[in-house]
file query.cif (mmCIF, C-alpha atoms and all ligand atoms)
data_structure
loop_
_atom_site.label_atom_id
_atom_site.label_comp_id
_atom_site.auth_asym_id
_atom_site.auth_seq_id
_atom_site.Cartn_x
_atom_site.Cartn_y
_atom_site.Cartn_z
CA MET K 1 28.82 -9.50 49.70
CA PHE K 2 26.76 -12.26 48.20
CA ARG K 3 24.17 -9.73 47.11
CA LEU K 4 26.75 -7.59 45.36
CA ALA K 5 28.33 -10.59 43.62
CA LYS K 6 24.94 -11.69 42.46
CA LEU K 7 24.28 -8.21 41.11
CA ILE K 8 27.53 -8.19 39.21
CA LEU K 9 26.68 -11.57 37.74
CA LEU K 10 23.29 -10.26 36.77
CA ALA K 11 24.86 -7.22 35.20
CA THR K 12 27.29 -9.38 33.25
CA ALA K 13 24.49 -11.62 32.08
CA THR K 14 22.57 -8.57 30.95
CA LEU K 15 25.52 -7.42 28.92
CA THR K 16 25.99 -10.76 27.26
CA ILE K 17 22.38 -11.08 26.18
CA LEU K 18 22.30 -7.56 24.78
CA PRO K 19 23.57 -7.62 21.20
CA VAL K 20 25.71 -4.63 22.09
CA GLY K 21 27.54 -4.38 18.79
CA GLU K 22 24.24 -3.62 17.11
CA ALA K 23 22.33 -2.39 20.11
CA VAL K 24 23.59 1.10 20.64
CA ALA K 25 21.70 3.12 18.14
CA ALA K 26 23.44 6.27 17.01
CA THR K 27 20.22 8.23 16.69
CA LEU K 28 20.38 11.94 15.98
CA THR K 29 19.32 12.89 19.50
CA GLY K 30 20.74 9.89 21.37
CA LYS K 31 17.21 8.95 22.43
CA PRO K 32 15.80 5.50 21.61
CA PRO K 33 14.12 5.31 18.20
CA ILE K 34 10.36 5.88 18.12
CA VAL K 35 7.84 3.33 16.89
CA ILE K 36 5.17 4.81 14.62
CA GLY K 37 1.97 2.78 14.25
CA HIS K 38 1.55 2.89 10.46
CA ARG K 39 -2.17 3.46 9.80
CA GLY K 40 -2.50 2.25 13.40
CA ALA K 41 -1.70 -1.40 14.02
CA SER K 42 -2.79 -2.11 10.45
CA GLY K 43 -1.31 -5.61 10.45
CA TYR K 44 -4.09 -6.57 12.87
CA ARG K 45 -7.07 -4.24 12.28
CA PRO K 46 -8.54 -2.43 9.26
CA GLU K 47 -6.24 0.53 8.66
CA HIS K 48 -7.04 4.05 9.81
CA THR K 49 -9.76 3.08 12.29
CA LEU K 50 -9.84 4.06 15.95
CA ALA K 51 -9.58 0.34 16.76
CA SER K 52 -6.38 0.14 14.73
CA TYR K 53 -4.87 3.22 16.42
CA GLU K 54 -5.96 2.05 19.86
CA LEU K 55 -4.33 -1.33 19.37
CA ALA K 56 -1.11 0.36 18.20
CA ILE K 57 -1.07 2.39 21.42
CA GLU K 58 -1.73 -0.73 23.51
CA MET K 59 1.20 -2.39 21.74
CA GLY K 60 3.47 0.44 22.80
CA ALA K 61 3.61 2.65 19.70
CA ASP K 62 4.93 6.13 20.50
CA TYR K 63 3.13 7.76 17.58
CA ILE K 64 0.04 6.85 15.57
CA GLU K 65 -0.15 7.72 11.90
CA PRO K 66 -3.34 9.13 10.38
CA ASP K 67 -3.16 9.81 6.64
CA VAL K 68 -5.34 12.82 5.95
CA VAL K 69 -7.79 13.58 3.13
CA SER K 70 -10.75 15.98 2.96
CA THR K 71 -14.50 15.52 2.75
CA LYS K 72 -16.74 17.64 0.52
CA ASP K 73 -17.44 19.91 3.49
CA GLY K 74 -13.77 20.33 4.35
CA ILE K 75 -13.49 17.94 7.30
CA LEU K 76 -10.15 16.16 7.58
CA ILE K 77 -10.56 12.40 7.90
CA ALA K 78 -8.15 9.48 8.20
CA ARG K 79 -7.76 7.53 4.94
CA HIS K 80 -4.71 6.58 2.90
CA GLU K 81 -6.53 7.44 -0.32
CA ASN K 82 -9.35 9.77 -1.24
CA GLU K 83 -10.71 6.82 -3.28
CA ILE K 84 -12.33 4.69 -0.61
CA SER K 85 -13.67 1.51 -2.22
CA GLY K 86 -10.57 -0.44 -1.13
CA THR K 87 -11.02 0.31 2.57
CA THR K 88 -14.77 0.79 3.05
CA ASP K 89 -18.11 -0.78 2.10
CA VAL K 90 -19.03 2.17 -0.17
CA ALA K 91 -19.24 0.01 -3.30
CA ASN K 92 -22.02 -2.05 -1.70
CA ARG K 93 -24.13 0.95 -0.71
CA PRO K 94 -26.87 1.52 -3.31
CA GLU K 95 -27.55 5.06 -2.07
CA PHE K 96 -24.06 6.05 -3.21
CA ALA K 97 -23.97 4.14 -6.51
CA ASP K 98 -24.28 7.40 -8.50
CA ARG K 99 -21.12 8.80 -6.87
CA PHE K 100 -18.97 6.32 -8.78
CA THR K 101 -16.70 8.28 -11.11
CA THR K 102 -13.27 8.42 -12.72
CA LYS K 103 -10.72 11.09 -11.83
CA THR K 104 -7.07 11.74 -12.45
CA ILE K 105 -5.22 11.72 -9.14
CA ASP K 106 -1.56 12.77 -9.34
CA GLY K 107 -1.45 11.82 -13.02
CA ARG K 108 -3.15 8.45 -12.56
CA SER K 109 -6.65 7.59 -13.73
CA VAL K 110 -8.60 6.27 -10.74
CA SER K 111 -12.17 4.97 -10.74
CA GLY K 112 -14.27 4.67 -7.63
CA TRP K 113 -15.77 6.76 -4.84
CA PHE K 114 -13.92 9.82 -3.56
CA THR K 115 -14.00 11.43 -0.13
CA GLU K 116 -14.30 14.93 -1.62
CA ASP K 117 -17.69 13.92 -3.08
CA PHE K 118 -19.11 12.95 0.34
CA THR K 119 -20.10 15.06 3.33
CA ILE K 120 -18.77 14.01 6.71
CA ALA K 121 -22.30 12.88 7.63
CA GLU K 122 -22.31 10.56 4.63
CA ILE K 123 -18.78 9.33 5.35
CA LYS K 124 -19.88 8.44 8.85
CA THR K 125 -22.47 5.99 7.49
CA LEU K 126 -19.72 3.90 5.85
CA ARG K 127 -17.87 1.08 7.55
CA ALA K 128 -14.22 0.16 7.19
CA LYS K 129 -12.91 -3.09 5.76
CA GLU K 130 -9.50 -4.74 5.55
CA ARG K 131 -7.64 -3.69 2.41
CA LEU K 132 -5.28 -6.68 2.02
CA PRO K 133 -6.83 -10.09 1.25
CA PHE K 134 -4.17 -12.00 3.20
CA ARG K 135 -4.93 -10.14 6.43
CA ASP K 136 -7.69 -10.74 9.00
CA GLN K 137 -11.11 -9.96 7.47
CA SER K 138 -13.08 -10.60 10.65
CA TYR K 139 -13.26 -6.93 11.66
CA ASN K 140 -14.88 -5.82 8.40
CA GLY K 141 -18.05 -3.75 8.83
CA LEU K 142 -17.43 -2.83 12.47
CA TYR K 143 -15.71 0.54 12.43
CA GLU K 144 -16.38 4.09 11.22
CA ILE K 145 -13.94 6.27 9.34
CA PRO K 146 -12.50 8.57 12.02
CA THR K 147 -12.03 12.30 11.67
CA LEU K 148 -8.57 13.64 12.46
CA GLN K 149 -10.09 15.27 15.54
CA GLU K 150 -11.24 11.87 16.76
CA VAL K 151 -7.72 10.48 16.26
CA ILE K 152 -6.30 13.40 18.27
CA ASP K 153 -8.91 12.84 20.98
CA LEU K 154 -7.86 9.19 21.19
CA ALA K 155 -4.17 10.08 21.45
CA LYS K 156 -4.88 12.56 24.23
CA GLN K 157 -7.20 10.22 26.13
CA LYS K 158 -4.71 7.34 25.90
CA SER K 159 -1.85 9.60 26.95
CA LEU K 160 -3.72 10.32 30.17
CA GLU K 161 -4.70 6.69 30.72
CA THR K 162 -1.24 5.26 30.09
CA ASN K 163 0.86 8.12 31.50
CA ARG K 164 2.78 8.12 28.19
CA THR K 165 2.86 10.77 25.51
CA ILE K 166 1.12 9.37 22.44
CA GLY K 167 2.11 11.45 19.43
CA ILE K 168 0.31 11.86 16.14
CA TYR K 169 2.00 11.74 12.74
CA PRO K 170 -0.49 13.07 10.13
CA GLU K 171 0.30 12.83 6.43
CA THR K 172 -1.16 15.24 3.89
CA LYS K 173 -2.31 13.03 0.98
CA HIS K 174 -2.36 14.42 -2.56
CA PRO K 175 -1.97 18.04 -1.38
CA THR K 176 -1.66 19.49 -4.91
CA TYR K 177 -4.79 17.63 -5.97
CA PHE K 178 -6.77 18.91 -2.99
CA ASP K 179 -5.60 22.47 -3.63
CA ASN K 180 -7.67 22.55 -6.75
CA PRO K 181 -8.94 19.25 -8.13
CA ALA K 182 -10.24 20.97 -11.27
CA TYR K 183 -6.71 21.99 -12.24
CA VAL K 184 -5.13 18.57 -12.15
CA ASN K 185 -6.92 16.91 -15.04
CA THR K 186 -9.88 15.80 -13.04
CA VAL K 187 -12.42 14.16 -15.29
CA ALA K 188 -15.19 14.97 -12.84
CA PRO K 189 -14.25 18.33 -11.31
CA GLY K 190 -14.54 18.71 -7.56
CA PRO K 191 -14.87 21.85 -5.48
CA ALA K 192 -12.50 24.73 -6.20
CA SER K 193 -10.22 24.04 -3.28
CA LEU K 194 -10.06 21.73 -0.32
CA SER K 195 -6.53 22.76 0.57
CA LEU K 196 -5.33 20.51 3.38
CA GLU K 197 -2.65 22.57 5.08
CA GLU K 198 -4.71 25.42 6.56
CA PRO K 199 -7.41 23.30 8.19
CA LEU K 200 -4.72 20.89 9.39
CA VAL K 201 -2.74 23.64 11.10
CA ASP K 202 -5.94 25.17 12.49
CA LEU K 203 -6.94 21.81 13.95
CA LEU K 204 -3.50 21.15 15.43
CA THR K 205 -3.40 24.66 16.90
CA ALA K 206 -6.87 24.28 18.41
CA ASN K 207 -5.64 21.08 20.06
CA GLY K 208 -2.51 22.71 21.49
CA TYR K 209 0.03 21.34 19.01
CA THR K 210 1.96 24.53 18.21
CA THR K 211 5.59 24.22 19.28
CA PRO K 212 8.71 22.44 17.96
CA ASP K 213 8.52 19.98 20.86
CA ALA K 214 4.83 19.16 20.35
CA PRO K 215 4.22 15.39 19.99
CA VAL K 216 3.38 15.67 16.32
CA PHE K 217 5.10 15.28 12.96
CA ILE K 218 3.44 16.41 9.74
CA GLN K 219 4.62 14.38 6.74
CA SER K 220 4.26 14.78 2.99
CA PHE K 221 5.64 13.31 -0.23
CA GLU K 222 5.33 16.75 -1.80
CA VAL K 223 7.80 19.57 -1.18
CA GLY K 224 5.89 22.80 -1.76
CA ASN K 225 3.25 22.09 0.83
CA LEU K 226 5.86 21.31 3.49
CA GLN K 227 7.52 24.63 2.71
CA LEU K 228 4.14 26.30 3.12
CA LEU K 229 3.53 24.41 6.37
CA ASN K 230 6.90 25.63 7.62
CA SER K 231 5.51 29.15 7.38
CA LEU K 232 2.23 28.21 9.07
CA THR K 233 3.39 26.20 12.09
CA ASP K 234 6.38 25.45 14.30
CA VAL K 235 5.55 21.74 14.78
CA PRO K 236 8.08 19.28 13.29
CA LEU K 237 7.81 18.46 9.59
CA VAL K 238 9.00 15.36 7.73
CA GLN K 239 9.83 15.07 4.03
CA LEU K 240 8.84 11.67 2.69
CA PHE K 241 10.86 9.99 -0.07
CA ASP K 242 9.54 7.55 -2.63
CA ALA K 243 11.84 5.52 -4.92
CA SER K 244 14.77 7.44 -6.42
CA THR K 245 13.29 7.66 -9.92
CA ALA K 246 9.91 9.01 -8.74
CA LYS K 247 9.12 12.71 -8.45
CA PRO K 248 7.15 14.73 -5.92
CA TYR K 249 3.84 15.43 -7.65
CA ASP K 250 4.10 19.18 -7.10
CA PHE K 251 7.39 19.02 -9.06
CA VAL K 252 5.58 17.23 -11.88
CA VAL K 253 2.99 20.02 -11.99
CA SER K 254 5.54 22.86 -11.74
CA GLY K 255 7.95 21.28 -14.22
CA ASP K 256 10.74 20.96 -11.66
CA PRO K 257 12.94 18.16 -13.08
CA ARG K 258 14.20 16.87 -9.72
CA THR K 259 13.45 13.34 -8.53
CA TYR K 260 13.55 11.89 -5.01
CA GLY K 261 16.97 10.62 -6.06
CA ASP K 262 18.07 14.25 -6.31
CA LEU K 263 16.55 15.08 -2.94
CA VAL K 264 18.43 12.32 -1.06
CA THR K 265 21.87 13.65 -2.00
CA PRO K 266 23.77 15.62 0.68
CA THR K 267 22.89 18.84 -1.17
CA GLY K 268 19.24 17.85 -1.42
CA LEU K 269 19.16 16.94 2.27
CA SER K 270 20.74 20.24 3.19
CA ASN K 271 17.97 22.06 1.32
CA ILE K 272 15.35 19.95 3.10
CA SER K 273 16.80 20.91 6.47
CA ASP K 274 15.79 24.52 5.68
CA TYR K 275 12.11 23.63 6.04
CA ALA K 276 11.84 20.18 7.65
CA ASN K 277 13.05 18.40 10.76
CA GLY K 278 13.30 14.92 9.37
CA ILE K 279 12.94 12.59 6.43
CA GLY K 280 10.70 9.57 5.95
CA PRO K 281 12.47 7.49 3.29
CA TRP K 282 11.30 4.28 1.67
CA LYS K 283 13.45 1.77 3.55
CA ARG K 284 15.11 0.59 0.32
CA LEU K 285 16.83 3.97 0.09
CA ILE K 286 18.69 2.95 3.27
CA ILE K 287 19.16 -0.76 2.55
CA PRO K 288 18.61 -1.46 -1.15
CA ALA K 289 17.39 -4.83 -2.40
CA ASN K 290 16.90 -6.26 -5.83
CA THR K 291 15.73 -9.32 -7.67
CA VAL K 292 18.27 -11.80 -9.05
CA ASP K 293 18.34 -13.83 -12.25
CA ASN K 294 20.56 -16.77 -11.34
CA ASN K 295 18.87 -19.10 -13.83
CA GLY K 296 19.52 -16.64 -16.65
CA ASP K 297 16.03 -16.70 -18.16
CA GLY K 298 15.84 -12.91 -18.21
CA GLN K 299 13.14 -12.94 -15.52
CA PRO K 300 13.44 -12.27 -11.77
CA ASP K 301 13.94 -15.55 -9.91
CA ASP K 302 11.09 -16.63 -7.63
CA LEU K 303 13.47 -17.49 -4.80
CA ASN K 304 10.84 -18.83 -2.39
CA GLY K 305 8.83 -20.54 -5.13
CA ASP K 306 5.46 -19.06 -4.15
CA GLY K 307 4.63 -18.03 -7.71
CA ILE K 308 4.89 -14.26 -7.17
CA ILE K 309 7.81 -11.83 -7.02
CA THR K 310 7.81 -9.99 -3.69
CA ASP K 311 10.33 -8.62 -1.20
CA ALA K 312 11.01 -12.25 -0.31
CA ASP K 313 12.70 -12.64 -3.72
CA GLN K 314 14.95 -9.59 -3.34
CA PRO K 315 18.23 -10.09 -1.46
CA LEU K 316 19.60 -7.10 0.42
CA GLN K 317 22.52 -5.02 -0.77
CA ALA K 318 24.97 -2.93 1.25
CA PRO K 319 23.42 -0.02 3.18
CA THR K 320 23.68 3.46 1.68
CA SER K 321 25.01 6.46 3.60
CA LEU K 322 21.54 8.04 3.83
CA VAL K 323 21.13 7.80 7.62
CA ASP K 324 24.51 9.42 8.25
CA ASP K 325 24.02 11.98 5.47
CA ALA K 326 20.69 13.06 6.97
CA HIS K 327 22.07 13.15 10.51
CA ASN K 328 24.96 15.29 9.27
CA VAL K 329 22.53 18.07 8.38
CA GLY K 330 20.44 17.58 11.52
CA LEU K 331 17.57 15.62 10.01
CA LEU K 332 15.79 12.79 11.80
CA VAL K 333 15.32 9.57 9.80
CA HIS K 334 12.03 7.60 9.99
CA PRO K 335 11.93 4.93 7.24
CA TYR K 336 8.79 3.06 6.10
CA THR K 337 7.22 0.47 6.06
CA PHE K 338 8.05 -2.52 8.26
CA ARG K 339 5.77 -5.55 8.06
CA ASN K 340 5.92 -9.04 9.52
CA GLU K 341 4.57 -11.14 6.68
CA ASP K 342 7.03 -13.24 4.68
CA ARG K 343 6.18 -11.48 1.42
CA TYR K 344 7.51 -8.21 2.86
CA LEU K 345 10.75 -9.62 4.28
CA ALA K 346 13.98 -9.86 2.32
CA PRO K 347 15.26 -13.46 2.10
CA ASP K 348 18.23 -12.41 4.26
CA TYR K 349 15.93 -12.32 7.30
CA ASN K 350 14.79 -15.96 6.94
CA GLY K 351 11.23 -15.00 7.84
CA ASN K 352 12.23 -13.32 11.10
CA PRO K 353 11.01 -9.70 11.13
CA ALA K 354 13.01 -8.93 14.28
CA LEU K 355 16.21 -9.15 12.25
CA GLU K 356 15.07 -6.35 9.97
CA TYR K 357 14.31 -4.03 12.88
CA GLU K 358 17.67 -4.85 14.46
CA GLN K 359 19.48 -4.01 11.24
CA PHE K 360 17.81 -0.63 10.88
CA PHE K 361 18.16 0.28 14.56
CA ALA K 362 21.86 -0.58 14.27
CA LEU K 363 22.15 1.96 11.45
CA GLY K 364 20.84 4.65 13.78
CA VAL K 365 17.36 5.36 12.43
CA ASP K 366 15.41 7.66 14.73
CA GLY K 367 12.16 5.78 14.34
CA LEU K 368 10.22 3.71 11.85
CA PHE K 369 6.75 3.16 10.46
CA THR K 370 5.37 -0.32 11.12
CA ASP K 371 2.11 -2.21 10.56
CA PHE K 372 3.11 -4.42 13.54
CA PRO K 373 4.00 -2.11 16.45
CA ASP K 374 4.25 -5.01 18.91
CA THR K 375 7.18 -6.55 17.07
CA ALA K 376 8.90 -3.20 16.59
CA VAL K 377 8.51 -2.21 20.24
CA ALA K 378 9.84 -5.57 21.47
CA VAL K 379 12.97 -5.28 19.35
CA ARG K 380 13.44 -1.58 20.09
CA ASN K 381 13.24 -2.24 23.83
CA SER K 382 15.58 -5.21 23.66
CA VAL K 383 18.29 -3.27 21.88
CA THR K 384 18.00 0.08 23.64
CA GLU K 385 16.88 -0.46 27.20
CA VAL K 386 18.77 -1.97 30.08
CA PRO K 387 16.43 -4.02 32.27
CA GLU K 388 16.11 -2.19 35.58
CA PRO K 389 15.51 -4.65 38.44
CA ASN K 390 17.22 -2.26 40.81
CA PHE K 391 19.23 0.87 41.04
CA LEU K 392 22.60 -0.72 41.93
CA MET K 393 22.59 -2.88 38.82
CA GLY K 394 22.00 0.28 36.85
CA LEU K 395 25.07 1.79 38.48
CA ILE K 396 27.17 -1.07 37.13
CA VAL K 397 25.64 -1.54 33.72
CA VAL K 398 25.11 2.03 32.60
CA PRO K 399 28.76 3.12 32.81
CA LEU K 400 29.81 -0.09 31.02
CA LEU K 401 27.32 0.59 28.27
CA GLY K 402 28.60 4.13 28.10
CA LEU K 403 32.12 2.81 27.50
CA LEU K 404 30.88 0.48 24.78
CA ARG K 405 28.86 3.25 23.24
CA ARG K 406 31.91 5.47 22.94
CA ARG K 407 34.00 2.64 21.57
CA GLN K 408 31.40 1.99 18.93
CA ALA K 409 31.29 5.65 18.01
CA GLU K 410 34.99 5.46 17.16
CA VAL K 411 34.59 2.61 14.70
CA CA F 501 1.07 7.46 5.39
CA CA F 502 -2.68 23.81 -0.14
CA CA F 503 15.29 -15.75 -13.68
CA CA F 504 8.32 -15.34 -4.55
#
call {"tool": "encode", "arguments": {"input": "query.cif", "output": "structure tokens", "more": "lines below"}}
Ligand SMILES: [Ca+2]
Ligand SMILES: [Ca+2]
Ligand SMILES: [Ca+2]
Ligand SMILES: [Ca+2]
result
Amino acid sequence: MFRLAKLILLATATLTILPVGEAVAATLTGKPPIVIGHRGASGYRPEHTLASYELAIEMGADYIEPDVVSTKDGILIARHENEISGTTDVANRPEFADRFTTKTIDGRSVSGWFTEDFTIAEIKTLRAKERLPFRDQSYNGLYEIPTLQEVIDLAKQKSLETNRTIGIYPETKHPTYFDNPAYVNTVAPGPASLSLEEPLVDLLTANGYTTPDAPVFIQSFEVGNLQLLNSLTDVPLVQLFDASTAKPYDFVVSGDPRTYGDLVTPTGLSNISDYANGIGPWKRLIIPANTVDNNGDGQPDDLNGDGIITDADQPLQAPTSLVDDAHNVGLLVHPYTFRNEDRYLAPDYNGNPALEYEQFFALGVDGLFTDFPDTAVAVRNSVTEVPEPNFLMGLIVVPLLGLLRRRQAEV
């Protein structure tokens, strides 16, 4: 008797500490949202290094995110940009000084050193460094640039070691550019084609990622290459969205007038569901934010007085219907990018990143990209999982949660 009473008390306590009103995420599948280690655990380690991915996995990330560009010899490597002076020591390497050049990447003039001008052997001599000056610089010079195969090998090895399934979430970067750099106003022409999609699919296939339930999502800001990928592979695909006024670069090249703002409409989403399984929207398309001018000087107010205008100076507005609109046509929703530092947090969160995760999980997102997987996993687990000290408590709590879940669904 005492034991049962104690269990009921425990169950009640569990219910009261769970923020149930916000806890029960209406994800598309009903499963808990996934945590995607954005460039690894890039809040703690130089981005796109095996150390960064490994830490993300240790912190509980379900997926790790390698952005993918090509070397001169067609090897896919993990970098956010094909210009690599921001994330490697290439600028300090005299043997590569003559590779410095200026190119036009997706309509923008960019000067520096480009992966497509280096062989994989040369890339492997470089060492990664932290991109953001306000993050930890103490790991600079320690790590190589990994190939995509090495990232896959890590995910597979860690899946075995941890008895979890570690997914990979590769992004094709500048796919139109890599199709034929000479065609897109390149000042210094590169090779005829380093098309990303075919070697990517070949690599995924060789590693056993071939089916719709494979632990992989391929993402892209462009549209045409996702449509091509849909014909090349059955693995899940994700359409990324930039700000509403921006355009996919393949649309710019083809003269298609549509913006991302056109793609996020119910009609646009319906079209996306013909070739993709999910969307990866900038998080401000789900919860907008904007600067204010309360002092009427015609300039954005520096609300936190730190001398720069950042997310911290942009109060949140009411959520849009994007999550529901996407779910209505069967699309998963994985917004980006969640970061712990004050400068990335809307003033509404008072410096507490957990509040941002809670808000998005409450809206039913199916996952999110984060530089700080530890924070995301902690919040995700607190709002979606019932602690399981024993089976009997589960018998009491689970049906109660089920009731609450249904009640919430009726709101
Ligand atoms: Ca990315
Ligand atoms: Ca291509
Ligand atoms: Ca002002
Ligand atoms: Ca500020």
call {"tool": "closest_residue", "arguments": {"input": "query.cif", "among": "K:Ile272, K:Ala91, K:Leu332, K:Leu368", "to": "ligand CA 501 (chain F)", "atoms": "only C-alpha atoms and all ligand atoms"}}
result
K:Leu368
call {"tool": "atom_distance", "arguments": {"input": "query.cif", "atom1": "CA of Val69 (chain K)", "atom2": "CA of Asp234 (chain K)"}}
result
21.6 Å
call {"tool": "closest_atom_pairs", "arguments": {"input": "query.cif", "of": "chain K", "to": "ligand CA 501 (chain F)", "cutoff": "7 Å", "atoms": "only C-alpha atoms and all ligand atoms", "output": "JSON lines"}}
result
{"residue": "K:His38", "atom": "CA", "partner": "F:CA501", "partner_atom": "CA", "distance": 6.8}
{"residue": "K:Arg39", "atom": "CA", "partner": "F:CA501", "partner_atom": "CA", "distance": 6.8}
{"residue": "K:Glu65", "atom": "CA", "partner": "F:CA501", "partner_atom": "CA", "distance": 6.6}
{"residue": "K:Pro66", "atom": "CA", "partner": "F:CA501", "partner_atom": "CA", "distance": 6.9}
{"residue": "K:Asp67", "atom": "CA", "partner": "F:CA501", "partner_atom": "CA", "distance": 5.0}
{"residue": "K:His80", "atom": "CA", "partner": "F:CA501", "partner_atom": "CA", "distance": 6.4}
{"residue": "K:Glu171", "atom": "CA", "partner": "F:CA501", "partner_atom": "CA", "distance": 5.5}
call {"tool": "residues_around", "arguments": {"input": "query.cif", "residues": "Thr205 (chain K)", "least_positions_apart": "3", "cutoff": "12 Å", "atoms": "only C-alpha atoms", "output": "ChimeraX atom specification"}}
result
/K:149,152,198-202,208-211,214,216,232-235
call {"tool": "residues_around", "arguments": {"input": "query.cif", "residues": "Gly280 (chain K)", "least_positions_apart": "4", "cutoff": "8 Å", "atoms": "only C-alpha atoms", "output": "list in words"}}
result
Gln219, Val238, Gln239, Leu240, Phe241, Val333, His334, Pro335 and Tyr336 of chain K
call {"tool": "residues_around", "arguments": {"input": "query.cif", "residues": "Asp293 (chain K)", "least_positions_apart": "5", "cutoff": "12 Å", "atoms": "all atoms listed in the file", "output": "PyMOL selection string"}}
result
chain K and resi 298-303+309+313-315
call {"tool": "atom_distance", "arguments": {"input": "query.cif", "atom1": "CA of Val35 (chain K)", "atom2": "CA of Ile286 (chain K)"}}
result
17.4 Å
call {"tool": "closest_atom_pairs", "arguments": {"input": "query.cif", "of": "chain K", "to": "ligand CA 502 (chain F)", "cutoff": "12 Å", "atoms": "all atoms listed in the file", "output": "tab-separated table"}}
result
residue	atom	partner	partner_atom	distance
K:Val69	CA	F:CA502	CA	11.9
K:Ser70	CA	F:CA502	CA	11.7
K:Thr172	CA	F:CA502	CA	9.6
K:Lys173	CA	F:CA502	CA	10.8
K:His174	CA	F:CA502	CA	9.7
K:Pro175	CA	F:CA502	CA	5.9
K:Thr176	CA	F:CA502	CA	6.5
K:Tyr177	CA	F:CA502	CA	8.8
K:Phe178	CA	F:CA502	CA	7.0
K:Asp179	CA	F:CA502	CA	4.7
K:Asn180	CA	F:CA502	CA	8.4
K:Pro181	CA	F:CA502	CA	11.1
K:Ala192	CA	F:CA502	CA	11.6
K:Ser193	CA	F:CA502	CA	8.2
K:Leu194	CA	F:CA502	CA	7.7
K:Ser195	CA	F:CA502	CA	4.1
K:Leu196	CA	F:CA502	CA	5.5
K:Glu197	CA	F:CA502	CA	5.4
K:Glu198	CA	F:CA502	CA	7.2
K:Pro199	CA	F:CA502	CA	9.6
K:Leu200	CA	F:CA502	CA	10.2
K:Val201	CA	F:CA502	CA	11.2
K:Ser220	CA	F:CA502	CA	11.8
K:Glu222	CA	F:CA502	CA	10.8
K:Val223	CA	F:CA502	CA	11.4
K:Gly224	CA	F:CA502	CA	8.8
K:Asn225	CA	F:CA502	CA	6.3
K:Leu226	CA	F:CA502	CA	9.6
K:Gln227	CA	F:CA502	CA	10.6
K:Leu228	CA	F:CA502	CA	8.0
K:Leu229	CA	F:CA502	CA	9.0
K:Leu232	CA	F:CA502	CA	11.3
K:Asp250	CA	F:CA502	CA	10.8
call {"tool": "atom_distance", "arguments": {"input": "query.cif", "atom1": "CA of Asp374 (chain K)", "atom2": "CA of Leu28 (chain K)"}}
result
23.6 Å
call {"tool": "closest_residue", "arguments": {"input": "query.cif", "among": "K:Asn140, K:Thr245, K:Asn294, K:Asn328", "to": "Thr259 (chain K)", "atoms": "all atoms listed in the file"}}
result
K:Thr245
call {"tool": "closest_residue", "arguments": {"input": "query.cif", "among": "K:Asp213, K:Val110, K:Val365, K:Ala155", "to": "Leu55 (chain K)", "atoms": "only C-alpha atoms"}}
result
K:Ala155
call {"tool": "closest_residue", "arguments": {"input": "query.cif", "among": "K:Tyr344, K:Tyr349, K:Phe372, K:Phe361", "to": "ligand CA 504 (chain F)", "atoms": "only C-alpha atoms and all ligand atoms"}}
result
K:Tyr344
call {"tool": "residues_near_point", "arguments": {"input": "query.cif", "point": "(-11.9, 14.0, 11.8)", "cutoff": "8 Å", "atoms": "all atoms listed in the file", "output": "PyMOL selection string"}}
result
chain K and resi 75-78+146-151
call {"tool": "closest_residue", "arguments": {"input": "query.cif", "among": "K:Ser270, K:Thr125, K:Ser52, K:Thr291", "to": "ligand CA 504 (chain F)", "atoms": "only C-alpha atoms and all ligand atoms"}}
result
K:Thr291
call {"tool": "closest_residue", "arguments": {"input": "query.cif", "among": "K:Ala354, K:Val292, K:Met59, K:Leu285", "to": "ligand CA 504 (chain F)", "atoms": "all atoms listed in the file"}}
result
K:Val292
call {"tool": "build_atoms", "arguments": {"input": "query.cif", "residues": "region 275-282 of chain K", "atoms": "N, CA and C atoms", "output": "PDB file, in the coordinates of the input"}}
result
ATOM      1  N   TYR K 275      13.537  23.545   5.747  1.00  0.00           N
ATOM      2  CA  TYR K 275      12.110  23.630   6.040  1.00  0.00           C
ATOM      3  C   TYR K 275      11.560  22.435   6.825  1.00  0.00           C
ATOM      4  N   ALA K 276      12.345  21.368   6.958  1.00  0.00           N
ATOM      5  CA  ALA K 276      11.840  20.180   7.650  1.00  0.00           C
ATOM      6  C   ALA K 276      12.790  19.748   8.755  1.00  0.00           C
ATOM      7  N   ASN K 277      12.271  18.899   9.638  1.00  0.00           N
ATOM      8  CA  ASN K 277      13.050  18.400  10.760  1.00  0.00           C
ATOM      9  C   ASN K 277      13.490  16.962  10.584  1.00  0.00           C
ATOM     10  N   GLY K 278      12.941  16.307   9.577  1.00  0.00           N
ATOM     11  CA  GLY K 278      13.300  14.920   9.370  1.00  0.00           C
ATOM     12  C   GLY K 278      12.900  14.448   7.996  1.00  0.00           C
ATOM     13  N   ILE K 279      13.328  13.218   7.675  1.00  0.00           N
ATOM     14  CA  ILE K 279      12.940  12.590   6.430  1.00  0.00           C
ATOM     15  C   ILE K 279      12.294  11.237   6.731  1.00  0.00           C
ATOM     16  N   GLY K 280      11.361  10.876   5.857  1.00  0.00           N
ATOM     17  CA  GLY K 280      10.700   9.570   5.950  1.00  0.00           C
ATOM     18  C   GLY K 280      10.973   8.814   4.665  1.00  0.00           C
ATOM     19  N   PRO K 281      12.125   8.162   4.554  1.00  0.00           N
ATOM     20  CA  PRO K 281      12.470   7.490   3.290  1.00  0.00           C
ATOM     21  C   PRO K 281      11.872   6.084   3.201  1.00  0.00           C
ATOM     22  N   TRP K 282      11.527   5.698   1.953  1.00  0.00           N
ATOM     23  CA  TRP K 282      11.300   4.280   1.670  1.00  0.00           C
ATOM     24  C   TRP K 282      12.538   3.541   2.168  1.00  0.00           C
TER      25      TRP K 282
END
